[in-house]
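Asker: Quick one: structure below, then a few questions.
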Amino acid sequence: MRWKPSIGGLLWIGVWTFPLLEPAGSVTATSGGVVAGAGLALFTLVYVVTTTMAFDHRQDLDRVTSTGFAVVAALGAGLAAAYGERWLVLMLFVAACGTAVYAGRERLTVALVVLGSVLVTLVLLGLLHHAEPVRLISTLVSAVLASALVGAVRRMSRLIRELQWAQEALATAAVAEERLRFSRDLHDLLGHTLSVIVVKAEVVRRIAERDPATAAAQAADIEDIGRRALVEIREAVTGYRESGLTVELTRAKGVLSSAGIAATVQRTADPLPDDADRLLAWALREATTNVVRHSGAERCDIEISTVDGAAALRVADDGATAVKPGGGAFGNGLRGLTERFAAAGGTLEAGARVGGGFTLVARLPL
């Protein structure tokens with residue numbers, strides 16, 4: 001257990017100990033003044049430390065603060081019983097310390113019992129010393145008000161501490177979300193790029209001997225794709241990657257054509273907001289990658305439209321399936337995109353078509 005006292009808390013709790021000046025001023029006039037002074041000093045020290053610890057709201061300090069309060073209560077009651085009416089003010093601090101240690105919804109009953117016990121003890125000590133009724137009532141009211149003030153401040157400090165914890169949790173969640181975004185981006189980038197490179201490499205291998213010129217052109221495309229992929233990965237790492245839907249449509253047509261898949265593109269949507277444009281571009285890239293890698297299709301239709309205030313992307317092929325084998329209805333990329341669309345208030349649906357083939361439909365409200 002490590003505890004670092006709050007300087008602000010020590011100052012706040014220490015400043016309002018000025019009522020202790022009254023018993024301190026009577027130490028020299030009290031029989032056994034050295035013992036009284038030492039007892040008062042110890043009482044003040046334990047009170048300040050215990051109350052400051054209580055304001056930290058740490059469960060691992062509960063046993064320490066409870067022990068500290070027991071010492072404060074014993075010293076306060078003992079000193080007030082031994083040295084007279086002017087020392088009754090110590091019970092005010094006993095009540096405040098008890099409220100600091102036990103206040104809170106989880107221990108409200110304990111706090112009320114402690115406060116009631118302190119007030120009863122104060123009354124008995126007042127009767128023992130034949131304290132003036134006005135003075136006794138004034139001390140009782142002060143003890144209640146001090147306890148209420150400490151309880152309110154403790155509650156406020158608790159809310160402030162919870163706000164700090166919430167801010168820390170939000171910061172941690174933001175970091176986790178950014179890591180998830182980064183992993184998704186890398187998956188989409190590398191999965192698509194490597195698929196294109198594999199397709200073009202297969203083309204080069206098949207035609208290298210009979211058509212060296214075309215094979216050389218395909219090899220040049222592979223080199224260009226590799227260079228572009230490096231740039232995109234660097235941009236993804238820095239968080240500034242901007243992949244537009246228009247650019248992605250051009251890429252999709254080129255990739256599908258290289259794989260021997262006839263592609264048709266129909267776009268009736270107006271220019272889209274940047275966020276929607278980028279998100280639909282990701283969906284188109286993932287769909288194209290799946291069609292090339294897994295579908296065995298001969299034809300793929302891509303349609304981008306605006307329907308009922310929402311941008312819609314539809315990618316349909318006539319192949320067997322367009323998801324990763326063994327991945328169920330959705331592969332990792334599609335699951336990640338589904339989560340992204342849901343977070344943006346949209347939907348992404350993918351499944352087999354009636355009569356064969358596979359369809360991906362993404363909708364995003366504008």
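Identifiers for the structure tokens are assigned positionally: chains receive A, B, ... in sequence, residues are indexed from 1 per chain, and ligands are indexed from 1 in the order shown.
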List every residue of segment 97-275 of chain A that DSSP, applied to the backbone, labels as helix (DSSP H, G or I), and write the result as a PyMOL selection string.
Answerer: chain A and resi 97-102+105-128+133-207+212-238+245-258+274-275
Asker: Please provide the set of residues having any atom within 8 Å of segment 137-141 of chain A, restricted to only C-alpha atoms, with same-chain residues fewer than 3 positions apart removed, written as a ChimeraX atom specification.
Answerer: /A:88-89,92,119,122-123,133-134,144-145
Asker: Can you write just those residues out, C-alpha atoms, as a PDB file, in the first residue's frame?
Answerer:
ATOM      1  CA  LEU A  88     -15.332  19.942  24.121  1.00  0.00           C
ATOM      2  CA  VAL A  89     -14.566  21.461  20.707  1.00  0.00           C
ATOM      3  CA  LEU A  92     -16.506  18.635  16.606  1.00  0.00           C
ATOM      4  CA  LEU A 119     -23.105  13.742  19.568  1.00  0.00           C
ATOM      5  CA  LEU A 122     -20.509  15.284  23.472  1.00  0.00           C
ATOM      6  CA  VAL A 123     -23.712  15.757  25.473  1.00  0.00           C
ATOM      7  CA  PRO A 133     -26.334  25.108  27.837  1.00  0.00           C
ATOM      8  CA  VAL A 134     -25.674  27.772  25.206  1.00  0.00           C
ATOM      9  CA  VAL A 144     -23.589  18.709  12.863  1.00  0.00           C
ATOM     10  CA  LEU A 145     -22.778  21.529  10.426  1.00  0.00           C
TER      11      LEU A 145
END
Asker: Pick the closest to Ala41 of chain A from A:Leu136, A:Met53, A:Ala281, A:Leu20: which is it, counting only C-alpha atoms?
Answerer: A:Leu20
Asker: What does the distance between atom CA of Leu348 of chain A and atom CA of Ala362 of chain A come to in Å, to one decimal place?
Answerer: 4.3 Å
Asker: For Ala320 of chain A, work out the shell of residues within 12 Å, counting only C-alpha atoms and skipping chain neighbours fewer than 3 positions away, then give it as a list of chain:residue names.
Answerer: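 With the cut-off at 12 Å, the set is A:Asn290, A:Val291, A:Val292, A:Arg293, A:His294, A:Ser295, A:Gly296, A:Ala297, A:Glu298, A:Arg299, A:Ala316, A:Asp317, A:Val323, A:Lys324, A:Pro325, A:Gly351, A:Ala352, A:Arg353, A:Val354, A:Gly355, A:Gly356, A:Gly357, A:Phe358, A:Thr359.
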Asker: Could you turn the residues from that selection into a file that holds C-alpha atoms, as a PDB file, in the first residue's frame?
Answerer:
ATOM      1  CA  ASN A 290     -13.296 -11.168 -52.022  1.00  0.00           C
ATOM      2  CA  VAL A 291     -14.651 -11.486 -55.554  1.00  0.00           C
ATOM      3  CA  VAL A 292     -11.148 -11.840 -57.014  1.00  0.00           C
ATOM      4  CA  ARG A 293      -9.843 -14.221 -54.372  1.00  0.00           C
ATOM      5  CA  HIS A 294     -12.786 -16.502 -53.664  1.00  0.00           C
ATOM      6  CA  SER A 295     -15.687 -16.235 -56.083  1.00  0.00           C
ATOM      7  CA  GLY A 296     -14.521 -17.791 -59.344  1.00  0.00           C
ATOM      8  CA  ALA A 297     -16.936 -15.381 -60.999  1.00  0.00           C
ATOM      9  CA  GLU A 298     -17.058 -14.375 -64.638  1.00  0.00           C
ATOM     10  CA  ARG A 299     -19.024 -11.183 -64.111  1.00  0.00           C
ATOM     11  CA  ALA A 316     -22.938  -8.593 -57.123  1.00  0.00           C
ATOM     12  CA  ASP A 317     -21.112 -11.441 -58.868  1.00  0.00           C
ATOM     13  CA  VAL A 323     -16.188 -14.935 -48.611  1.00  0.00           C
ATOM     14  CA  LYS A 324     -13.110 -16.506 -47.166  1.00  0.00           C
ATOM     15  CA  PRO A 325     -13.380 -20.299 -47.036  1.00  0.00           C
ATOM     16  CA  GLY A 351     -24.989 -13.165 -48.728  1.00  0.00           C
ATOM     17  CA  ALA A 352     -25.712 -15.628 -51.517  1.00  0.00           C
ATOM     18  CA  ARG A 353     -27.929 -14.542 -54.421  1.00  0.00           C
ATOM     19  CA  VAL A 354     -30.952 -16.429 -55.625  1.00  0.00           C
ATOM     20  CA  GLY A 355     -29.817 -18.354 -58.690  1.00  0.00           C
ATOM     21  CA  GLY A 356     -26.140 -18.264 -57.732  1.00  0.00           C
ATOM     22  CA  GLY A 357     -23.548 -15.690 -56.960  1.00  0.00           C
ATOM     23  CA  PHE A 358     -22.932 -13.362 -54.075  1.00  0.00           C
ATOM     24  CA  THR A 359     -24.129  -9.847 -53.238  1.00  0.00           C
TER      25      THR A 359
END
Asker: Counting only C-alpha atoms, which of A:Ala215, A:Ala73, A:Leu79, A:Leu272 gets nearest to Ala24 of chain A?
Answerer: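 That would be A:Leu79, the residue with the smallest distance to Ala24 of chain A.
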Asker: Have a look at atom CA of Asp60 of chain A and atom CA of Ala146 of chain A and let me know their distance in Å, one decimal.
Answerer: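 Going from atom CA of Asp60 of chain A over to atom CA of Ala146 of chain A covers 26.0 Å.
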Asker: Would you mind telling me which residue in A:Ala80, A:Leu245, A:Leu334, A:Ala259 lies nearest to Leu313 of chain A when using only C-alpha atoms?
Answerer: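 Result for the nearest residue to Leu313 of chain A: A:Leu245.
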Asker: Could you tell me, as a list in words, which residues of segment 83-291 of chain A DSSP assigns to strand (DSSP E) when given the backbone?
Answerer: Ala262, Ala263, Thr264, Val265, Gln266 and Arg267 of chain A
Asker: Write the residues you've just listed into a file as an mmCIF file, in the first residue's frame, and include C-alpha atoms for each of them.
Answerer:
data_model
loop_
_atom_site.group_PDB
_atom_site.id
_atom_site.type_symbol
_atom_site.label_atom_id
_atom_site.label_comp_id
_atom_site.auth_asym_id
_atom_site.auth_seq_id
_atom_site.Cartn_x
_atom_site.Cartn_y
_atom_site.Cartn_z
ATOM 1 C CA ALA A 262 -16.104 -8.658 -66.695
ATOM 2 C CA ALA A 263 -17.023 -5.604 -64.656
ATOM 3 C CA THR A 264 -19.869 -3.130 -65.097
ATOM 4 C CA VAL A 265 -20.088 0.068 -63.065
ATOM 5 C CA GLN A 266 -23.185 2.215 -62.647
ATOM 6 C CA ARG A 267 -22.942 5.351 -60.541
#
Asker: Can you tell me which residues surround Thr268 of chain A at a distance of at most 9 Å, considering only C-alpha atoms, apart from same-chain residues fewer than 6 positions away, and format the answer as a PDB file with N, CA and C atoms, in the first residue's frame?
Answerer:
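Output file out.pdb follows:
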ATOM      1  N   GLU A 303     -22.774  -1.071 -58.374  1.00  0.00           N
ATOM      2  CA  GLU A 303     -23.752   0.009 -58.488  1.00  0.00           C
ATOM      3  C   GLU A 303     -23.647   0.915 -57.266  1.00  0.00           C
ATOM      4  N   ILE A 304     -23.580   2.220 -57.508  1.00  0.00           N
ATOM      5  CA  ILE A 304     -23.526   3.216 -56.433  1.00  0.00           C
ATOM      6  C   ILE A 304     -24.664   4.195 -56.667  1.00  0.00           C
ATOM      7  N   SER A 305     -25.523   4.330 -55.664  1.00  0.00           N
ATOM      8  CA  SER A 305     -26.703   5.166 -55.836  1.00  0.00           C
ATOM      9  C   SER A 305     -27.060   5.859 -54.534  1.00  0.00           C
ATOM     10  N   THR A 306     -28.028   6.758 -54.621  1.00  0.00           N
ATOM     11  CA  THR A 306     -28.568   7.434 -53.446  1.00  0.00           C
ATOM     12  C   THR A 306     -30.042   7.112 -53.360  1.00  0.00           C
TER      13      THR A 306
END
Asker: Pick out the residues sitting within 10 Å of Ala82 of chain A, and hand them over as a PyMOL selection string; count only C-alpha atoms, and ignore anything fewer than 6 positions along from it in its own chain.
Answerer: chain A and resi 30-31+36+76+125+129
Asker: Generate a file of the selected residues that holds C-alpha atoms, formatted as a PDB file, in the first residue's frame.
Answerer:
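Full text of part-v2.pdb as output:
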ATOM      1  CA  THR A  30      -4.137  23.085  32.564  1.00  0.00           C
ATOM      2  CA  SER A  31      -2.686  20.755  35.147  1.00  0.00           C
ATOM      3  CA  ALA A  36      -2.274  17.903  27.420  1.00  0.00           C
ATOM      4  CA  GLY A  76     -10.872  13.507  21.588  1.00  0.00           C
ATOM      5  CA  LEU A 125     -19.141  15.240  28.415  1.00  0.00           C
ATOM      6  CA  HIS A 129     -18.259  19.399  33.064  1.00  0.00           C
TER       7      HIS A 129
END
Asker: Rounded to one decimal in Å, what is the spacing between atom CA of Trp165 of chain A and atom CA of Thr109 of chain A?
Answerer: 26.4 Å
Asker: For a quick check of understanding, using only C-alpha atoms, which of A:Leu163, A:Ala283, A:Leu124, A:Val49 has the smallest distance to Phe69 of chain A?
Answerer: A:Val49
Asker: Which is closest to Gly260 of chain A among A:Ala166, A:Cys300, A:Ala216, A:Ala229, if we use only C-alpha atoms?
Answerer: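 For Gly260 of chain A, the nearest of the candidates is A:Cys300.
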